[in-house]
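Undergrad: Contents of input.txt (compact mmCIF, C-alpha atoms) are below:
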# COMPACT_ATOMS: atom_id res chain seq x y z
CA MET Z 1 100.42 77.54 76.61
CA VAL Z 2 101.84 81.00 75.84
CA MET Z 3 99.33 83.47 74.40
CA HIS Z 4 100.36 85.85 71.64
CA GLY Z 5 98.63 89.00 70.41
CA THR Z 6 97.94 92.57 71.25
CA ASP Z 7 96.09 91.81 74.50
CA THR Z 8 99.01 90.22 76.33
CA VAL Z 9 100.55 91.99 79.30
CA VAL Z 10 104.00 91.76 77.73
CA PHE Z 11 102.81 93.52 74.56
CA SER Z 12 101.14 96.27 76.62
CA ILE Z 13 104.29 96.83 78.68
CA PHE Z 14 106.34 96.87 75.47
CA LEU Z 15 104.13 99.56 73.94
CA ILE Z 16 104.01 101.67 77.09
CA PHE Z 17 107.73 101.76 77.79
CA THR Z 18 108.92 101.87 74.19
CA GLY Z 19 106.48 104.68 73.44
CA ALA Z 20 107.47 106.45 76.68
CA ALA Z 21 111.17 106.14 75.79
CA ILE Z 22 110.63 107.64 72.32
CA LEU Z 23 108.40 110.50 73.48
CA SER Z 24 110.59 111.16 76.52
CA THR Z 25 113.54 111.67 74.17
CA ALA Z 26 111.50 114.16 72.18
CA ALA Z 27 110.32 115.80 75.42
CA LEU Z 28 113.87 116.34 76.64
CA TYR Z 29 114.96 117.82 73.32
CA THR Z 30 112.00 120.24 73.42
CA ARG Z 31 112.44 121.00 77.17
CA GLN Z 32 109.17 119.38 78.22
CA SER Z 33 108.43 117.40 81.37
CA LEU Z 34 108.71 113.62 81.17
CA LEU Z 35 105.32 113.32 82.88
CA VAL Z 36 103.73 114.93 79.82
CA ALA Z 37 105.33 112.27 77.60
CA TYR Z 38 103.92 109.45 79.74
CA MET Z 39 100.37 110.85 79.57
CA LEU Z 40 100.64 111.47 75.83
CA VAL Z 41 101.62 107.83 75.27
CA GLY Z 42 98.45 106.83 77.14
CA ALA Z 43 96.30 109.07 74.94
CA ILE Z 44 97.89 107.64 71.76
CA PHE Z 45 97.86 103.92 72.60
CA GLY Z 46 94.85 103.81 74.95
CA PRO Z 47 91.19 102.89 74.39
CA TRP Z 48 90.33 106.35 72.98
CA GLY Z 49 93.39 106.52 70.71
CA LEU Z 50 94.81 103.68 68.63
CA LYS Z 51 93.26 101.10 71.02
CA LEU Z 52 96.49 99.09 71.17
CA VAL Z 53 96.27 98.93 74.97
CA SER Z 54 92.59 98.30 75.52
CA ASP Z 55 92.48 97.48 79.25
CA SER Z 56 93.62 100.74 80.85
CA ALA Z 57 92.00 99.71 84.16
CA VAL Z 58 94.64 97.03 84.72
CA VAL Z 59 97.40 99.50 83.91
CA SER Z 60 95.83 102.04 86.28
CA GLN Z 61 95.63 99.54 89.14
CA THR Z 62 99.25 98.54 88.56
CA GLY Z 63 100.31 102.17 88.37
CA GLU Z 64 98.77 102.85 91.77
CA ILE Z 65 101.56 100.71 93.25
CA GLY Z 66 103.87 103.52 92.19
CA ILE Z 67 101.90 105.95 94.35
CA ILE Z 68 102.23 103.58 97.29
CA PHE Z 69 106.01 103.32 96.88
CA LEU Z 70 106.30 107.08 96.38
CA LEU Z 71 104.59 107.85 99.68
CA PHE Z 72 106.58 105.12 101.44
CA LEU Z 73 109.85 106.68 100.23
CA LEU Z 74 108.76 110.17 101.25
CA GLY Z 75 107.88 108.86 104.69
CA LEU Z 76 111.41 107.47 105.01
CA HIS Z 77 112.77 111.03 104.84
CA LEU Z 78 110.50 112.51 107.51
CA HIS Z 79 111.36 112.18 111.16
CA PRO Z 80 108.14 111.64 113.19
CA GLN Z 81 108.69 114.64 115.49
CA ASN Z 82 109.23 117.02 112.58
CA LEU Z 83 106.15 115.65 110.82
CA LEU Z 84 103.86 116.15 113.83
CA HIS Z 85 105.05 119.73 114.23
CA MET Z 86 104.39 120.53 110.57
CA LEU Z 87 100.94 118.88 110.54
CA ARG Z 88 99.80 121.01 113.48
CA LYS Z 89 101.05 124.10 111.69
CA MET Z 90 99.50 123.29 108.28
CA THR Z 91 96.01 122.08 109.24
CA TRP Z 92 94.32 125.50 109.08
CA ILE Z 93 96.09 126.30 105.81
CA ALA Z 94 94.79 123.12 104.18
CA VAL Z 95 91.23 123.76 105.40
CA ILE Z 96 91.06 127.44 104.35
CA SER Z 97 92.65 126.82 100.94
CA SER Z 98 90.26 123.92 100.30
CA LEU Z 99 87.21 126.09 101.03
CA VAL Z 100 88.44 128.93 98.79
CA LEU Z 101 89.23 126.59 95.89
CA MET Z 102 85.91 124.81 96.26
CA GLY Z 103 84.18 128.17 95.95
CA VAL Z 104 86.05 128.93 92.73
CA GLY Z 105 85.16 125.55 91.22
CA PHE Z 106 81.54 125.92 92.28
CA GLY Z 107 81.36 129.38 90.70
CA ILE Z 108 82.71 128.20 87.34
CA GLY Z 109 80.31 125.26 87.30
CA PHE Z 110 77.40 127.58 88.09
CA PHE Z 111 78.47 130.03 85.38
CA PHE Z 112 78.41 127.29 82.72
CA GLY Z 113 74.97 126.06 83.77
CA TYR Z 114 75.76 122.85 85.63
CA SER Z 115 73.29 121.59 88.24
CA LEU Z 116 73.74 122.36 91.95
CA ILE Z 117 75.11 118.91 92.84
CA GLU Z 118 77.44 119.01 89.83
CA CYS Z 119 78.73 122.44 90.90
CA ILE Z 120 79.41 121.11 94.41
CA ILE Z 121 81.32 118.12 93.06
CA ILE Z 122 83.29 120.27 90.60
CA GLY Z 123 84.20 122.51 93.53
CA ALA Z 124 85.16 119.54 95.70
CA ALA Z 125 87.42 118.18 92.95
CA MET Z 126 89.32 121.49 92.77
CA MET Z 127 90.24 121.50 96.47
CA PHE Z 128 93.23 119.20 96.21
CA SER Z 129 96.74 119.38 94.78
CA SER Z 130 98.48 116.38 93.26
CA THR Z 131 100.32 114.19 95.73
CA ILE Z 132 102.05 112.47 92.81
CA ILE Z 133 103.37 115.57 91.06
CA GLY Z 134 104.08 117.39 94.31
CA LEU Z 135 106.23 114.55 95.60
CA LYS Z 136 107.60 113.26 92.30
CA LEU Z 137 109.10 116.70 91.58
CA LEU Z 138 110.36 117.21 95.13
CA PRO Z 139 114.11 116.73 95.79
CA THR Z 140 113.92 114.55 98.89
CA THR Z 141 117.63 114.07 99.57
CA VAL Z 142 118.83 117.68 99.34
CA LEU Z 143 119.25 119.00 102.86
CA HIS Z 144 118.55 122.68 102.20
CA HIS Z 145 115.20 121.79 100.58
CA GLN Z 146 114.08 119.71 103.54
CA HIS Z 147 111.84 122.39 105.10
CA THR Z 148 110.12 123.10 101.78
CA GLY Z 149 109.50 119.38 101.43
CA GLU Z 150 108.01 119.18 104.91
CA LEU Z 151 105.59 122.01 104.11
CA VAL Z 152 104.51 120.40 100.82
CA ILE Z 153 104.04 116.99 102.38
CA SER Z 154 102.14 118.32 105.40
CA ILE Z 155 99.63 120.22 103.25
CA LEU Z 156 99.21 117.25 100.91
CA LEU Z 157 98.59 114.89 103.82
CA MET Z 158 95.87 117.13 105.23
CA GLN Z 159 94.33 117.36 101.77
CA ASP Z 160 94.44 113.56 101.49
CA VAL Z 161 92.42 113.32 104.71
CA ILE Z 162 89.88 115.83 103.33
CA ALA Z 163 89.76 113.88 100.05
CA ILE Z 164 89.02 110.64 101.88
CA VAL Z 165 86.14 112.36 103.69
CA VAL Z 166 84.74 113.57 100.35
CA LEU Z 167 84.98 110.08 98.87
CA LEU Z 168 83.25 108.62 101.94
CA LEU Z 169 80.44 111.17 101.59
CA LEU Z 170 79.99 110.19 97.94
CA GLN Z 171 80.04 106.48 98.77
CA GLY Z 172 77.70 106.90 101.75
CA GLY Z 173 75.28 109.02 99.78
CA SER Z 174 75.09 106.48 96.96
CA ALA Z 175 74.91 103.35 99.10
CA GLY Z 176 72.67 104.69 101.85
CA GLY Z 177 75.42 104.32 104.44
CA SER Z 178 76.41 106.70 107.22
CA PRO Z 179 79.36 108.95 106.26
CA VAL Z 180 79.53 110.28 109.84
CA LYS Z 181 80.03 106.76 111.19
CA GLU Z 182 82.70 106.01 108.58
CA PHE Z 183 84.50 109.27 109.37
CA ALA Z 184 84.50 108.39 113.09
CA ILE Z 185 86.08 105.05 112.19
CA ILE Z 186 88.84 106.92 110.31
CA LEU Z 187 89.57 109.13 113.34
CA LEU Z 188 90.04 105.97 115.40
CA ALA Z 189 91.86 103.96 112.75
CA PHE Z 190 94.63 106.48 112.02
CA PRO Z 191 96.21 106.58 115.52
CA LEU Z 192 95.78 102.81 115.91
CA LEU Z 193 97.66 102.17 112.66
CA CYS Z 194 100.42 104.58 113.73
CA ILE Z 195 100.80 102.83 117.09
CA PHE Z 196 100.94 99.41 115.44
CA ALA Z 197 103.54 100.53 112.88
CA PHE Z 198 105.89 102.13 115.40
CA VAL Z 199 105.62 99.28 117.92
CA PHE Z 200 106.22 96.62 115.25
CA GLU Z 201 109.15 98.60 113.83
CA LYS Z 202 110.75 99.01 117.26
CA TYR Z 203 110.42 95.42 118.48
CA VAL Z 204 110.55 93.39 115.25
CA LEU Z 205 111.85 95.19 112.16
CA VAL Z 206 114.84 96.89 113.78
CA LYS Z 207 116.04 93.59 115.23
CA LEU Z 208 115.62 91.77 111.91
CA PHE Z 209 117.49 94.47 109.99
CA ALA Z 210 120.28 94.51 112.58
CA LYS Z 211 120.69 90.73 112.49
CA PHE Z 212 120.73 90.38 108.68
CA ASP Z 213 122.00 93.81 107.63
CA ARG Z 214 124.76 92.32 105.46
CA ILE Z 215 122.23 90.60 103.20
CA LYS Z 216 120.98 93.52 101.10
CA GLU Z 217 118.50 91.38 99.18
CA TYR Z 218 116.78 90.51 102.47
CA THR Z 219 116.55 94.19 103.45
CA PHE Z 220 115.04 95.02 100.08
CA LEU Z 221 112.49 92.19 100.35
CA VAL Z 222 111.41 93.01 103.92
CA SER Z 223 111.10 96.72 103.06
CA ILE Z 224 108.69 96.00 100.20
CA ALA Z 225 106.72 93.57 102.36
CA TRP Z 226 106.48 96.14 105.17
CA CYS Z 227 105.35 98.90 102.81
CA LEU Z 228 102.65 96.82 101.14
CA SER Z 229 101.48 95.17 104.38
CA VAL Z 230 100.86 98.45 106.21
CA ALA Z 231 99.32 99.90 103.04
CA LYS Z 232 96.85 97.05 102.81
CA LEU Z 233 96.16 97.19 106.55
CA GLY Z 234 95.39 100.90 106.20
CA SER Z 235 92.93 100.13 103.43
CA LEU Z 236 91.25 97.37 105.44
CA ILE Z 237 90.60 99.60 108.47
CA GLY Z 238 89.03 102.41 106.45
CA LEU Z 239 91.99 104.64 105.56
CA SER Z 240 93.78 104.14 102.24
CA ASP Z 241 96.71 102.24 100.78
CA GLU Z 242 98.61 105.51 100.33
CA ILE Z 243 98.23 106.66 103.94
CA GLY Z 244 99.23 103.21 105.17
CA ALA Z 245 102.35 103.25 103.01
CA PHE Z 246 103.29 106.71 104.28
CA ILE Z 247 102.93 105.59 107.90
CA ALA Z 248 105.11 102.57 107.11
CA GLY Z 249 107.81 104.89 105.78
CA VAL Z 250 107.66 107.35 108.69
CA SER Z 251 107.97 104.47 111.17
CA LEU Z 252 111.36 103.62 109.61
CA ALA Z 253 112.55 107.23 109.19
CA ALA Z 254 114.60 107.26 112.40
CA SER Z 255 116.34 103.99 111.51
CA PRO Z 256 119.91 104.16 110.14
CA ILE Z 257 118.88 101.84 107.30
CA SER Z 258 116.19 104.20 105.96
CA LEU Z 259 118.52 105.91 103.46
CA TYR Z 260 119.60 102.58 101.95
CA ILE Z 261 115.96 101.47 101.62
CA ALA Z 262 115.05 104.77 99.95
CA GLU Z 263 117.81 104.45 97.36
CA SER Z 264 117.13 100.80 96.57
CA LEU Z 265 113.39 101.31 95.96
CA LYS Z 266 113.60 104.33 93.63
CA PRO Z 267 113.83 102.31 90.37
CA LEU Z 268 110.81 100.23 91.40
CA ARG Z 269 108.86 103.39 92.18
CA ASP Z 270 109.67 104.96 88.82
CA PHE Z 271 108.62 101.82 86.91
CA PHE Z 272 105.12 101.90 88.38
CA LEU Z 273 104.76 105.68 88.12
CA VAL Z 274 105.25 105.46 84.34
CA LEU Z 275 102.25 103.11 84.29
CA PHE Z 276 100.25 105.48 86.49
CA PHE Z 277 100.70 108.50 84.22
CA PHE Z 278 100.07 106.34 81.15
CA SER Z 279 96.72 105.33 82.66
CA ILE Z 280 95.74 109.00 83.16
CA GLY Z 281 96.25 109.71 79.46
CA ALA Z 282 94.56 106.46 78.43
CA SER Z 283 91.43 107.05 80.53
CA PHE Z 284 90.38 110.33 78.89
CA ASN Z 285 87.68 110.03 76.22
CA LEU Z 286 88.86 112.36 73.46
CA ASN Z 287 85.32 112.55 72.01
CA TYR Z 288 84.28 114.76 74.94
CA LEU Z 289 87.12 117.25 74.45
CA PRO Z 290 85.16 119.70 72.22
CA VAL Z 291 82.29 119.71 74.74
CA VAL Z 292 84.37 120.53 77.82
CA PHE Z 293 87.35 122.35 76.30
CA VAL Z 294 86.30 125.95 77.06
CA PRO Z 295 85.17 125.46 80.71
CA ALA Z 296 88.11 123.12 81.35
CA MET Z 297 90.60 125.70 80.04
CA ILE Z 298 89.05 128.48 82.12
CA LEU Z 299 88.97 126.34 85.25
CA ALA Z 300 92.54 125.11 84.68
CA ILE Z 301 93.86 128.67 84.18
CA LEU Z 302 92.12 129.79 87.38
CA MET Z 303 93.55 126.88 89.38
CA LEU Z 304 97.06 127.41 87.99
CA GLY Z 305 96.85 131.12 88.79
CA ILE Z 306 95.01 131.11 92.11
CA LYS Z 307 96.68 128.19 93.90
CA PRO Z 308 100.26 129.59 93.99
CA VAL Z 309 99.02 133.02 95.14
CA LEU Z 310 96.67 131.53 97.73
CA TYR Z 311 99.30 129.24 99.28
CA ARG Z 312 101.87 132.05 99.23
CA PHE Z 313 99.47 134.32 101.15
CA LEU Z 314 98.52 131.65 103.71
CA LEU Z 315 102.09 130.44 104.27
CA THR Z 316 103.39 133.98 104.64
CA ALA Z 317 100.68 134.52 107.26
CA ALA Z 318 102.07 131.43 108.99
CA LYS Z 319 105.49 133.17 109.26
CA GLU Z 320 107.14 131.36 106.36
CA THR Z 321 109.56 133.34 104.21
CA LYS Z 322 108.20 134.67 100.91
CA PRO Z 323 110.55 132.61 98.66
CA VAL Z 324 109.64 129.36 100.46
CA ALA Z 325 105.92 130.24 100.49
CA TRP Z 326 105.97 131.00 96.77
CA GLU Z 327 107.86 127.81 95.89
CA VAL Z 328 105.41 125.67 97.88
CA GLY Z 329 102.51 127.44 96.17
CA VAL Z 330 103.92 126.79 92.71
CA ARG Z 331 104.63 123.14 93.51
CA LEU Z 332 101.00 122.75 94.65
CA GLY Z 333 99.56 124.66 91.70
CA GLN Z 334 97.77 121.77 89.99
CA VAL Z 335 94.61 119.70 90.55
CA SER Z 336 94.91 116.22 92.09
CA GLU Z 337 94.62 112.59 91.09
CA PHE Z 338 92.04 112.47 93.90
CA SER Z 339 89.94 114.74 91.66
CA LEU Z 340 89.92 111.95 89.07
CA LEU Z 341 88.63 109.55 91.74
CA VAL Z 342 85.93 112.02 92.78
CA ALA Z 343 84.85 112.41 89.15
CA TYR Z 344 84.84 108.65 88.54
CA LEU Z 345 82.87 107.79 91.67
CA ALA Z 346 80.33 110.58 91.17
CA GLN Z 347 79.86 109.49 87.55
CA GLN Z 348 79.40 105.84 88.52
CA THR Z 349 76.78 106.75 91.13
CA LYS Z 350 74.94 109.01 88.62
CA LEU Z 351 75.45 112.14 90.69
CA ILE Z 352 77.01 113.89 87.71
CA SER Z 353 76.81 113.51 83.94
CA ASP Z 354 79.56 112.14 81.71
CA SER Z 355 80.39 115.64 80.46
CA THR Z 356 80.85 116.90 84.04
CA SER Z 357 83.18 114.00 84.79
CA TYR Z 358 85.27 114.73 81.71
CA LEU Z 359 85.34 118.44 82.60
CA ILE Z 360 87.04 117.52 85.87
CA GLN Z 361 89.36 115.06 84.11
CA ALA Z 362 90.33 117.56 81.40
CA THR Z 363 91.02 120.27 83.98
CA THR Z 364 93.17 117.88 86.00
CA ILE Z 365 95.24 116.77 82.99
CA ILE Z 366 95.78 120.35 81.77
CA THR Z 367 97.01 121.45 85.19
CA PHE Z 368 99.23 118.35 85.44
CA ILE Z 369 100.93 119.27 82.16
CA VAL Z 370 101.35 123.01 82.74
CA SER Z 371 102.26 122.81 86.42
CA SER Z 372 104.85 120.05 86.04
CA TYR Z 373 106.41 121.88 83.08
CA PHE Z 374 106.69 125.12 85.06
CA VAL Z 375 108.11 123.42 88.17
CA VAL Z 376 110.70 121.49 86.13
CA LEU Z 377 111.87 124.72 84.46
CA ARG Z 378 111.99 126.89 87.57
CA TYR Z 379 112.83 124.72 90.59
CA PRO Z 380 115.18 121.84 91.46
CA THR Z 381 113.56 118.48 90.67
CA PRO Z 382 114.74 114.89 90.11
CA ILE Z 383 113.82 115.20 86.39
CA ALA Z 384 115.12 118.71 85.71
CA LEU Z 385 116.44 119.35 82.21
CA SER Z 386 119.72 120.94 83.34
CA ASP Z 387 122.37 119.45 85.60
CA LYS Z 388 122.31 122.60 87.74
CA MET Z 389 118.61 122.17 88.61
CA ARG Z 390 118.55 118.39 88.90
CA ARG Z 391 118.27 117.14 92.49
CA ASP Z 392 117.15 113.72 93.70
Just give me the structure as structure tokens.
TA:
Amino acid sequence: MVMHGTDTVVFSIFLIFTGAAILSTAALYTRQSLLVAYMLVGAIFGPWGLKLVSDSAVVSQTGEIGIIFLLFLLGLHLHPQNLLHMLRKMTWIAVISSLVLMGVGFGIGFFFGYSLIECIIIGAAMMFSSTIIGLKLLPTTVLHHQHTGELVISILLMQDVIAIVVLLLLQGGSAGGSPVKEFAIILLAFPLLCIFAFVFEKYVLVKLFAKFDRIKEYTFLVSIAWCLSVAKLGSLIGLSDEIGAFIAGVSLAASPISLYIAESLKPLRDFFLVLFFFSIGASFNLNYLPVVFVPAMILAILMLGIKPVLYRFLLTAAKETKPVAWEVGVRLGQVSEFSLLVAYLAQQTKLISDSTSYLIQATTIITFIVSSYFVVLRYPTPIALSDKMRRD
């Protein structure tokens, strides 16, 4: 029997994409970022707006598939040797920047009278930049932007590792587990997953692609299966779906078929990313906005101002040119979706109050909007408003 009504998946998808299409048209006419339109649709139709899409959790979980595909596609453009070189170079930059930004977040929390643990968690949430916005707005197929892309991705990967450690500490503290033990497991799991991915790619995938390379549908199917399989394996051994997907992509980067796979998966990636940004807008409780507006605005302005300058200083110290260092800093000038996970987990485990959680969420959304808008206007991106600046 076919169910009808406002709770069906079809109706939710209809609202999300029709609303996104309408607001995206308005966004382009007013020179705004499309990402802003997607989040605004979530705020309008979500549980705290018109309540037409009531189950934002399902949309959020579906949208996370977009993150997995995004990291898989970015991995396809990074040769393993280049990636290892950049990771070694960027580790100290990621660590120092994280400590500085945590201090800023802690200071703002302390100034507004939050408890010690809440100040620590606010600071921890400010350490990271958005993997989604950083990579979504990165032109991956333009050769002369390749080095900039490698710098952005290397810093984001190191931040992802730090974010996983923070999440493990929160989980271990709430469940009585041992975060040190779980972190040791991660240190062992990462190289093991890399070895598995590269060995399987060399002795199985390459031969399958070579034998059936004329059947494009088969290549498309196997690519998706490989991405999701390694992503799930990464999650099972204590890493994350996103890191697993990235490793799956890097393992194929040296293959001649990697460019075809990257092109064929882009529409699928974009479909799920619309759902992801919708879920961000839908998850924010508008009733808390008056309570957290002032500290969120101050914290967002500080993050948007400090992050570009901080990364420019650190990258220049690492012998990068000033234009490249500044561009990387601007592209990393927002707070991260990992910050939303930190806020959610800390709220669920009663480490922070609801208002503290929504402070972090509001700060993240504000920086998403302003940062993406500025990057789209100033630098080449796949969703630039002018043909001259548009690069995919």
Undergrad: For atom CA of Z:Val36 and atom CA of Z:Arg331, quote the distance in Å rounded to one decimal.
TA: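 Distance between the two atoms: 16.0 Å.
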Undergrad: Which residues are near Z:Leu268? Cut-off 9 Å, only C-alpha atoms, ignore same chain within fewer than 4 positions. Put them as a tab-separated table (two decimals) with C-alpha atoms, keeping the file's coordinate frame.
TA:
chain	number	residue	atom	x	y	z
Z	66	GLY	CA	103.87	103.52	92.19
Z	69	PHE	CA	106.01	103.32	96.88
Z	264	SER	CA	117.13	100.80	96.57
Z	272	PHE	CA	105.12	101.90	88.38
Z	273	LEU	CA	104.76	105.68	88.12
Undergrad: For Z:Ile108, which residue out of Z:Ile298, Z:Ala21, Z:Leu228, Z:Ala325 is the nearest one, using only C-alpha atoms?
TA: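 That would be Z:Ile298, the residue with the smallest distance to Z:Ile108.
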Undergrad: For Z:Val376, which residue out of Z:Ile96, Z:Val330, Z:Met127, Z:Val165 is the nearest one, using only C-alpha atoms?
TA: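 Checking each of Z:Ile96, Z:Val330, Z:Met127, Z:Val165 against Z:Val376, counting only C-alpha atoms, the winner is Z:Val330.
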Undergrad: Please indicate the distance in Å from atom CA of Z:Arg214 to atom CA of Z:Ala262, rounded to one decimal place.
TA: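 So the two atoms, atom CA of Z:Arg214 and atom CA of Z:Ala262, lie 16.7 Å apart.
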Undergrad: Could you tell me how far atom CA of Z:Thr8 lies from atom CA of Z:Pro267, in Å and to one decimal?
TA: 23.7 Å
Undergrad: Of the residues Z:Phe313, Z:Tyr38, Z:Phe11, Z:Phe246, which is the one nearest to Z:Ser24, using all atoms listed in the file?
TA: Z:Tyr38
Undergrad: Which one of Z:Ile243, Z:Met39, Z:Ser98, Z:Tyr218 sits closest to Z:Ala27 if you count only C-alpha atoms?
TA: Z:Met39
Undergrad: Considering all atoms listed in the file, can you say which of Z:Ala37, Z:Leu341, Z:Leu188, Z:Ile13 comes closest to Z:Ser283?
TA: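 With all atoms listed in the file as the atom set, the closest residue is Z:Leu341.
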Undergrad: Smallest atom-to-atom distance to Z:Ile224: which of Z:Phe128, Z:Tyr288, Z:Phe17, Z:Phe72, using only C-alpha atoms?
TA: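 Checking each candidate against Z:Ile224, we get Z:Phe72 as the closest.
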Undergrad: Write out as AutoDock Vina command-line options an axis-aligned box for stretch 324-338 of chain Z: all of its atoms listed in the file, 4 Å added on each side, centre and edge lengths in Å with one decimal.
TA:
--center_x 100.8 --center_y 121.7 --center_z 95.2 --size_x 25.6 --size_y 26.5 --size_z 18.5
